[in-house]
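Structure file input-v4.csv with CSV, C-alpha atoms:
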```csv
chain,number,residue,atom,x,y,z
Q,1,MET,CA,-34.0,-15.5,10.3
Q,2,THR,CA,-30.5,-14.7,9.1
Q,3,ASN,CA,-29.7,-12.1,6.5
Q,4,CYS,CA,-26.3,-12.0,4.8
Q,5,ILE,CA,-24.5,-8.9,3.6
Q,6,TYR,CA,-21.9,-9.5,0.9
Q,7,ILE,CA,-18.9,-7.3,1.0
Q,8,VAL,CA,-17.6,-7.6,-2.6
Q,9,GLY,CA,-14.2,-6.8,-4.0
Q,10,MET,CA,-14.9,-5.8,-7.6
Q,11,GLY,CA,-11.3,-5.8,-8.8
Q,12,PRO,CA,-9.8,-2.9,-10.7
Q,13,GLY,CA,-12.8,-1.8,-12.7
Q,14,LYS,CA,-13.6,-3.8,-15.8
Q,15,GLY,CA,-16.2,-6.5,-15.5
Q,16,THR,CA,-13.7,-9.0,-17.0
Q,17,LYS,CA,-11.5,-8.4,-14.0
Q,18,MET,CA,-14.2,-9.2,-11.5
Q,19,THR,CA,-14.4,-12.8,-10.2
Q,20,ILE,CA,-17.1,-15.1,-11.4
Q,21,GLU,CA,-18.3,-15.4,-7.8
Q,22,ALA,CA,-18.5,-11.6,-7.4
Q,23,ARG,CA,-20.5,-11.2,-10.6
Q,24,ALA,CA,-22.9,-14.0,-9.7
Q,25,ILE,CA,-23.5,-12.6,-6.2
Q,26,LEU,CA,-24.2,-9.1,-7.5
Q,27,ARG,CA,-26.8,-10.4,-9.9
Q,28,GLU,CA,-28.7,-11.9,-7.0
Q,29,MET,CA,-28.8,-8.7,-5.0
Q,30,ASP,CA,-31.7,-6.3,-4.5
Q,31,THR,CA,-29.4,-3.4,-3.3
Q,32,ILE,CA,-25.8,-2.5,-4.2
Q,33,ILE,CA,-24.1,0.1,-2.1
Q,34,GLY,CA,-20.8,1.8,-2.7
Q,35,TYR,CA,-18.8,4.9,-3.6
Q,36,GLN,CA,-20.3,6.5,-6.7
Q,37,VAL,CA,-17.2,5.9,-8.9
Q,38,TYR,CA,-17.5,2.1,-8.2
Q,39,LEU,CA,-21.2,2.1,-9.0
Q,40,ASP,CA,-20.5,3.8,-12.3
Q,41,LEU,CA,-17.9,1.2,-13.1
Q,42,LEU,CA,-20.5,-1.6,-12.8
Q,43,GLY,CA,-22.1,-0.2,-15.9
Q,44,GLU,CA,-25.5,-1.2,-17.2
Q,45,GLU,CA,-25.3,-4.8,-16.1
Q,46,TYR,CA,-26.7,-4.0,-12.7
Q,47,SER,CA,-28.9,-1.0,-13.5
Q,48,ASP,CA,-32.0,-2.9,-12.4
Q,49,LYS,CA,-30.7,-2.9,-8.8
Q,50,GLU,CA,-31.3,-0.3,-6.1
Q,51,LEU,CA,-28.0,1.6,-6.2
Q,52,ILE,CA,-27.0,3.7,-3.3
Q,53,SER,CA,-23.9,5.8,-2.8
Q,54,THR,CA,-22.3,8.1,-0.2
Q,55,PRO,CA,-19.4,10.5,-0.9
Q,56,MET,CA,-15.8,10.1,0.4
Q,57,LYS,CA,-15.5,10.5,4.2
Q,58,LYS,CA,-19.1,9.0,4.6
Q,59,GLU,CA,-17.9,5.4,4.8
Q,60,VAL,CA,-19.6,4.8,8.2
Q,61,GLU,CA,-22.9,6.1,6.9
Q,62,ARG,CA,-22.5,3.8,3.8
Q,63,CYS,CA,-22.0,0.8,6.1
Q,64,ARG,CA,-25.0,1.7,8.2
Q,65,ILE,CA,-27.2,1.9,5.2
Q,66,CYS,CA,-26.1,-1.7,4.3
Q,67,TYR,CA,-27.3,-2.9,7.7
Q,68,GLU,CA,-30.6,-1.0,7.6
Q,69,LYS,CA,-31.4,-2.4,4.2
Q,70,ALA,CA,-30.5,-5.9,5.3
Q,71,LEU,CA,-32.9,-5.5,8.3
Q,72,GLU,CA,-35.6,-4.6,5.9
Q,73,GLY,CA,-35.1,-8.0,4.3
Q,74,LYS,CA,-33.2,-6.8,1.2
Q,75,LYS,CA,-30.4,-8.8,-0.3
Q,76,VAL,CA,-27.5,-6.4,0.1
Q,77,ALA,CA,-24.0,-6.0,-1.3
Q,78,MET,CA,-21.3,-3.4,-0.4
Q,79,ILE,CA,-18.9,-3.0,-3.3
Q,80,CYS,CA,-15.3,-2.0,-3.0
Q,81,SER,CA,-12.6,-1.4,-5.6
Q,82,GLY,CA,-9.9,-4.1,-5.7
Q,83,ASP,CA,-10.3,-6.3,-2.7
Q,84,ALA,CA,-12.7,-5.4,0.1
Q,85,GLY,CA,-10.3,-6.5,2.8
Q,86,ILE,CA,-7.3,-4.5,1.6
Q,87,TYR,CA,-8.0,-0.8,2.3
Q,88,GLY,CA,-11.6,-1.6,1.8
Q,89,MET,CA,-14.8,-1.7,3.9
Q,90,ALA,CA,-14.7,-5.2,5.3
Q,91,SER,CA,-13.1,-4.3,8.6
Q,92,LEU,CA,-15.5,-1.4,9.2
Q,93,MET,CA,-18.5,-3.6,8.4
Q,94,TYR,CA,-17.3,-6.1,11.1
Q,95,GLU,CA,-16.7,-3.3,13.6
Q,96,LEU,CA,-20.3,-2.2,13.3
Q,97,LEU,CA,-21.8,-5.7,13.3
Q,98,GLN,CA,-22.6,-5.8,17.1
Q,99,GLU,CA,-24.6,-2.6,16.9
Q,100,TYR,CA,-27.1,-4.4,14.6
Q,101,SER,CA,-27.4,-7.7,16.5
Q,102,ASN,CA,-31.1,-8.5,16.7
Q,103,PRO,CA,-32.4,-11.8,18.2
Q,104,ASN,CA,-35.2,-11.9,15.7
Q,105,LYS,CA,-33.2,-11.1,12.6
Q,106,LYS,CA,-29.5,-11.9,12.7
Q,107,ILE,CA,-27.0,-10.6,10.2
Q,108,LYS,CA,-23.9,-12.3,9.0
Q,109,LEU,CA,-21.2,-10.9,6.8
Q,110,ARG,CA,-19.4,-12.6,3.9
Q,111,VAL,CA,-16.3,-11.1,2.3
Q,112,VAL,CA,-16.0,-11.9,-1.4
Q,113,PRO,CA,-12.4,-11.4,-2.5
Q,114,GLY,CA,-11.3,-9.3,-5.5
Q,115,ILE,CA,-8.1,-8.5,-7.3
Q,116,THR,CA,-6.3,-5.7,-5.4
Q,117,ALA,CA,-4.4,-2.9,-7.3
Q,118,ALA,CA,-1.0,-4.3,-6.2
Q,119,ILE,CA,-1.8,-7.6,-8.1
Q,120,SER,CA,-3.6,-6.2,-11.1
Q,121,GLY,CA,-1.0,-3.4,-11.5
Q,122,ALA,CA,1.9,-5.9,-11.1
Q,123,ALA,CA,0.5,-7.9,-14.0
Q,124,GLU,CA,0.4,-4.8,-16.2
Q,125,ILE,CA,4.0,-3.8,-15.4
Q,126,GLY,CA,5.6,-7.2,-15.3
Q,127,ALA,CA,6.3,-9.2,-12.1
Q,128,PRO,CA,7.6,-6.7,-9.5
Q,129,LEU,CA,6.1,-8.5,-6.5
Q,130,ASN,CA,7.4,-12.0,-7.3
Q,131,HIS,CA,9.3,-12.2,-4.0
Q,132,ASP,CA,8.5,-10.9,-0.5
Q,133,PHE,CA,6.7,-7.6,-0.7
Q,134,CYS,CA,4.7,-5.1,1.3
Q,135,VAL,CA,1.9,-2.6,0.5
Q,136,ILE,CA,1.9,0.8,2.1
Q,137,SER,CA,-0.7,3.6,1.6
Q,138,LEU,CA,0.7,7.2,1.6
Q,139,SER,CA,-2.7,8.6,2.5
Q,140,ASP,CA,-2.5,10.2,6.0
Q,141,LEU,CA,-6.2,10.8,6.2
Q,142,LEU,CA,-6.6,7.9,8.7
Q,143,THR,CA,-3.0,7.1,9.5
Q,144,PRO,CA,-0.6,9.6,11.1
Q,145,TRP,CA,2.3,10.5,8.7
Q,146,GLU,CA,4.8,9.6,11.4
Q,147,LYS,CA,3.6,6.0,11.3
Q,148,ILE,CA,3.7,5.9,7.5
Q,149,GLU,CA,7.3,7.2,7.6
Q,150,LYS,CA,8.3,4.4,10.0
Q,151,ARG,CA,6.8,1.8,7.7
Q,152,LEU,CA,8.5,3.3,4.6
Q,153,LYS,CA,11.9,3.2,6.4
Q,154,ALA,CA,11.4,-0.3,7.7
Q,155,ALA,CA,10.3,-1.7,4.3
Q,156,ALA,CA,13.2,0.0,2.5
Q,157,TYR,CA,15.7,-1.2,5.1
Q,158,ALA,CA,14.3,-4.8,4.9
Q,159,ASP,CA,14.7,-4.8,1.1
Q,160,PHE,CA,11.1,-5.6,0.4
Q,161,ALA,CA,9.6,-5.0,-3.1
Q,162,ILE,CA,7.1,-2.2,-2.3
Q,163,ALA,CA,3.7,-1.3,-3.7
Q,164,LEU,CA,2.5,2.2,-2.8
Q,165,TYR,CA,-1.2,3.0,-2.8
Q,166,ASN,CA,-2.7,6.5,-2.8
Q,167,PRO,CA,0.7,8.1,-3.7
Q,168,SER,CA,-0.6,11.6,-4.4
Q,169,SER,CA,-3.7,13.8,-4.5
Q,170,LYS,CA,-4.5,17.5,-5.1
Q,171,LYS,CA,-3.9,18.2,-1.4
Q,172,ARG,CA,-0.9,15.8,-1.2
Q,173,SER,CA,0.9,16.4,-4.5
Q,174,HIS,CA,4.4,16.1,-3.0
Q,175,TYR,CA,3.8,12.9,-1.0
Q,176,LEU,CA,5.5,10.5,-3.4
Q,177,GLU,CA,8.6,12.7,-3.5
Q,178,LYS,CA,8.5,12.9,0.2
Q,179,ALA,CA,8.3,9.1,0.5
Q,180,CYS,CA,11.2,8.6,-1.9
Q,181,ILE,CA,13.4,11.0,0.1
Q,182,ILE,CA,12.6,9.0,3.3
Q,183,MET,CA,13.5,5.7,1.6
Q,184,SER,CA,16.6,7.0,-0.2
Q,185,GLU,CA,18.7,6.2,2.9
Q,186,TYR,CA,18.4,2.5,1.9
Q,187,ILE,CA,17.5,2.6,-1.8
Q,188,GLU,CA,20.0,3.6,-4.5
Q,189,ASN,CA,19.0,6.0,-7.3
Q,190,THR,CA,19.3,3.4,-10.0
Q,191,ARG,CA,16.8,1.0,-8.4
Q,192,PRO,CA,14.2,-0.1,-11.0
Q,193,CYS,CA,10.7,1.3,-10.2
Q,194,GLY,CA,7.5,2.1,-12.0
Q,195,TYR,CA,3.8,2.8,-11.8
Q,196,VAL,CA,0.5,2.0,-13.4
Q,197,LYS,CA,-2.4,4.6,-13.6
Q,198,ASN,CA,-6.0,3.7,-14.1
Q,199,ILE,CA,-5.5,0.0,-13.8
Q,200,GLY,CA,-8.1,-1.9,-15.8
Q,201,ARG,CA,-9.9,1.3,-16.9
Q,202,GLU,CA,-9.8,3.6,-19.8
Q,203,GLY,CA,-6.5,5.5,-20.1
Q,204,THR,CA,-4.3,2.9,-18.5
Q,205,GLU,CA,-0.8,4.3,-18.3
Q,206,ILE,CA,2.3,2.2,-17.5
Q,207,LYS,CA,5.8,3.6,-16.9
Q,208,VAL,CA,9.1,2.0,-15.9
Q,209,CYS,CA,11.7,4.3,-14.4
Q,210,SER,CA,14.6,4.6,-11.9
Q,211,PHE,CA,14.1,5.4,-8.2
Q,212,GLU,CA,15.7,8.8,-8.9
Q,213,GLU,CA,13.2,9.5,-11.7
Q,214,LEU,CA,10.3,8.3,-9.6
Q,215,LYS,CA,10.7,11.2,-7.2
Q,216,ASN,CA,9.5,13.7,-9.8
Q,217,GLU,CA,6.8,11.7,-11.5
Q,218,LYS,CA,3.3,13.1,-11.5
Q,219,VAL,CA,0.9,10.5,-10.1
Q,220,ASP,CA,-2.6,10.5,-8.5
Q,221,MET,CA,-5.0,8.5,-6.3
Q,222,PHE,CA,-5.6,6.1,-9.2
Q,223,THR,CA,-2.0,5.2,-9.5
Q,224,THR,CA,-0.2,2.3,-7.9
Q,225,VAL,CA,3.6,2.7,-7.6
Q,226,PHE,CA,6.1,-0.2,-7.6
Q,227,ILE,CA,9.6,0.0,-6.1
Q,228,GLY,CA,11.8,-3.0,-6.7
Q,229,ASN,CA,14.0,-4.7,-4.2
Q,230,SER,CA,17.8,-4.9,-4.6
Q,231,CYS,CA,17.4,-7.8,-7.1
Q,232,THR,CA,14.7,-6.2,-9.3
Q,233,LYS,CA,15.6,-5.9,-13.0
Q,234,ILE,CA,14.1,-4.2,-16.1
Q,235,ILE,CA,13.6,-6.9,-18.8
Q,236,ASP,CA,11.8,-6.0,-22.1
Q,237,ASN,CA,10.7,-2.7,-20.5
Q,238,LYS,CA,9.0,-4.6,-17.7
Q,239,LEU,CA,9.7,-4.6,-13.9
Q,240,ILE,CA,10.8,-8.0,-12.8
Q,241,THR,CA,11.7,-9.2,-9.3
Q,242,PRO,CA,13.3,-12.7,-9.5
Q,243,ARG,CA,12.2,-15.4,-7.1
Q,244,GLY,CA,15.6,-17.0,-7.3
Q,245,TYR,CA,14.8,-20.1,-9.3
Q,246,LYS,CA,17.6,-19.4,-11.9
Q,247,LYS,CA,20.2,-19.8,-9.2
Q,248,ASN,CA,19.4,-23.5,-8.9
Q,249,GLU,CA,19.8,-24.3,-12.6
```

Starting from the file, lay out its structure as structure tokens.
Amino acid sequence: MTNCIYIVGMGPGKGTKMTIEARAILREMDTIIGYQVYLDLLGEEYSDKELISTPMKKEVERCRICYEKALEGKKVAMICSGDAGIYGMASLMYELLQEYSNPNKKIKLRVVPGITAAISGAAEIGAPLNHDFCVISLSDLLTPWEKIEKRLKAAAYADFAIALYNPSSKKRSHYLEKACIIMSEYIENTRPCGYVKNIGREGTEIKVCSFEELKNEKVDMFTTVFIGNSCTKIIDNKLITPRGYKKNE
């Protein structure tokens, strides 16, 4: 017998931003597991399900509960904000898969994609990622800051449009400023930038600014920061990175 655990990207928060596939799968589940904030965002639509959460820093425990419930014969989904394969739980679930191999009851995993914050945030602020871009998290909880610094320098030097995840927190209130200082070797102060807070949720806030202004902006863990490349423009108070089509007119 084979049981399938679904690892579901639920998008930025609103049900309207979740894919049709994701919503259909969640309706069929017995058990939905995730960080409490994500369970709360599901609202009443899935209140008839068994809902299980673990706090931050208990991600491994959360994944193990998925496997244990699946071995009990439950239909199980792990939910993640945005996309499950982008700073989500998909890779950890695969890392643990071999531990739960059972000849009598096999478990397979299926990742259901969702709209990650870089994409949903970009749609709110214009089209900042319309050419080559990279995504970098400023959280050094799992990644050494020295490695993050190298990535910031390389992305700025290569003239990528950049989306920054986890730009600040209570313990890391100065990290966005720190990142901007690192990249300032390659990015001029007038470079168009911006950010979106609470994407797809109540209190969405959008701001377009210069790279110089960005250094002093107050952001949080629910903010996605956008730094344009050398061709990025501000048009109608939106952040726009041209693909280059106009050159061929």

Using only C-alpha atoms, which of Q:Gly13, Q:Gly200, Q:Pro167, Q:Gly126 sits nearest Leu239 of chain Q?
-> Q:Gly126

Mind checking which residues fall within 10 Å of segment 153-163 of chain Q, counting only C-alpha atoms, ignoring those fewer than 3 positions away in the same chain, and posting them as an NGL selection string?
-> :Q and (117-119 or 121-122 or 128-137 or 148-150 or 167 or 179-180 or 182-187 or 193-195 or 224-232 or 241)

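You can rank Q:Ala90, Q:Leu39, Q:Leu138, Q:Val219 by their closest distance to Val60 of chain Q using all atoms listed in the file, and at the top of that list sits Q:Ala90.
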
Contact residues around Arg62 of chain Q with only C-alpha atoms at 9 Å, ignoring same-chain residues under 2 positions, as JSON, numbers by chain = {"Q": [33, 34, 35, 52, 53, 54, 55, 58, 59, 60, 64, 65, 66, 78]}

Separation of atom CA of Ala84 of chain Q from atom CA of Ser169 of chain Q, in Å and rounded to one decimal |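 Computing the Euclidean distance for atom CA of Ala84 of chain Q and atom CA of Ser169 of chain Q yields 21.7 Å.
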
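Distance-wise, atom CA of Lys49 of chain Q and atom CA of Glu28 of chain Q end up 9.4 Å apart.
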
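The spacing separating atom CA of Lys57 of chain Q from atom CA of Leu96 of chain Q amounts to 16.3 Å.
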
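The shortest atom-to-atom distance to Glu124 of chain Q, with only C-alpha atoms taken into account, belongs to Q:Asn198 out of Q:Thr190, Q:Asn198, Q:Ser47, Q:Thr16.
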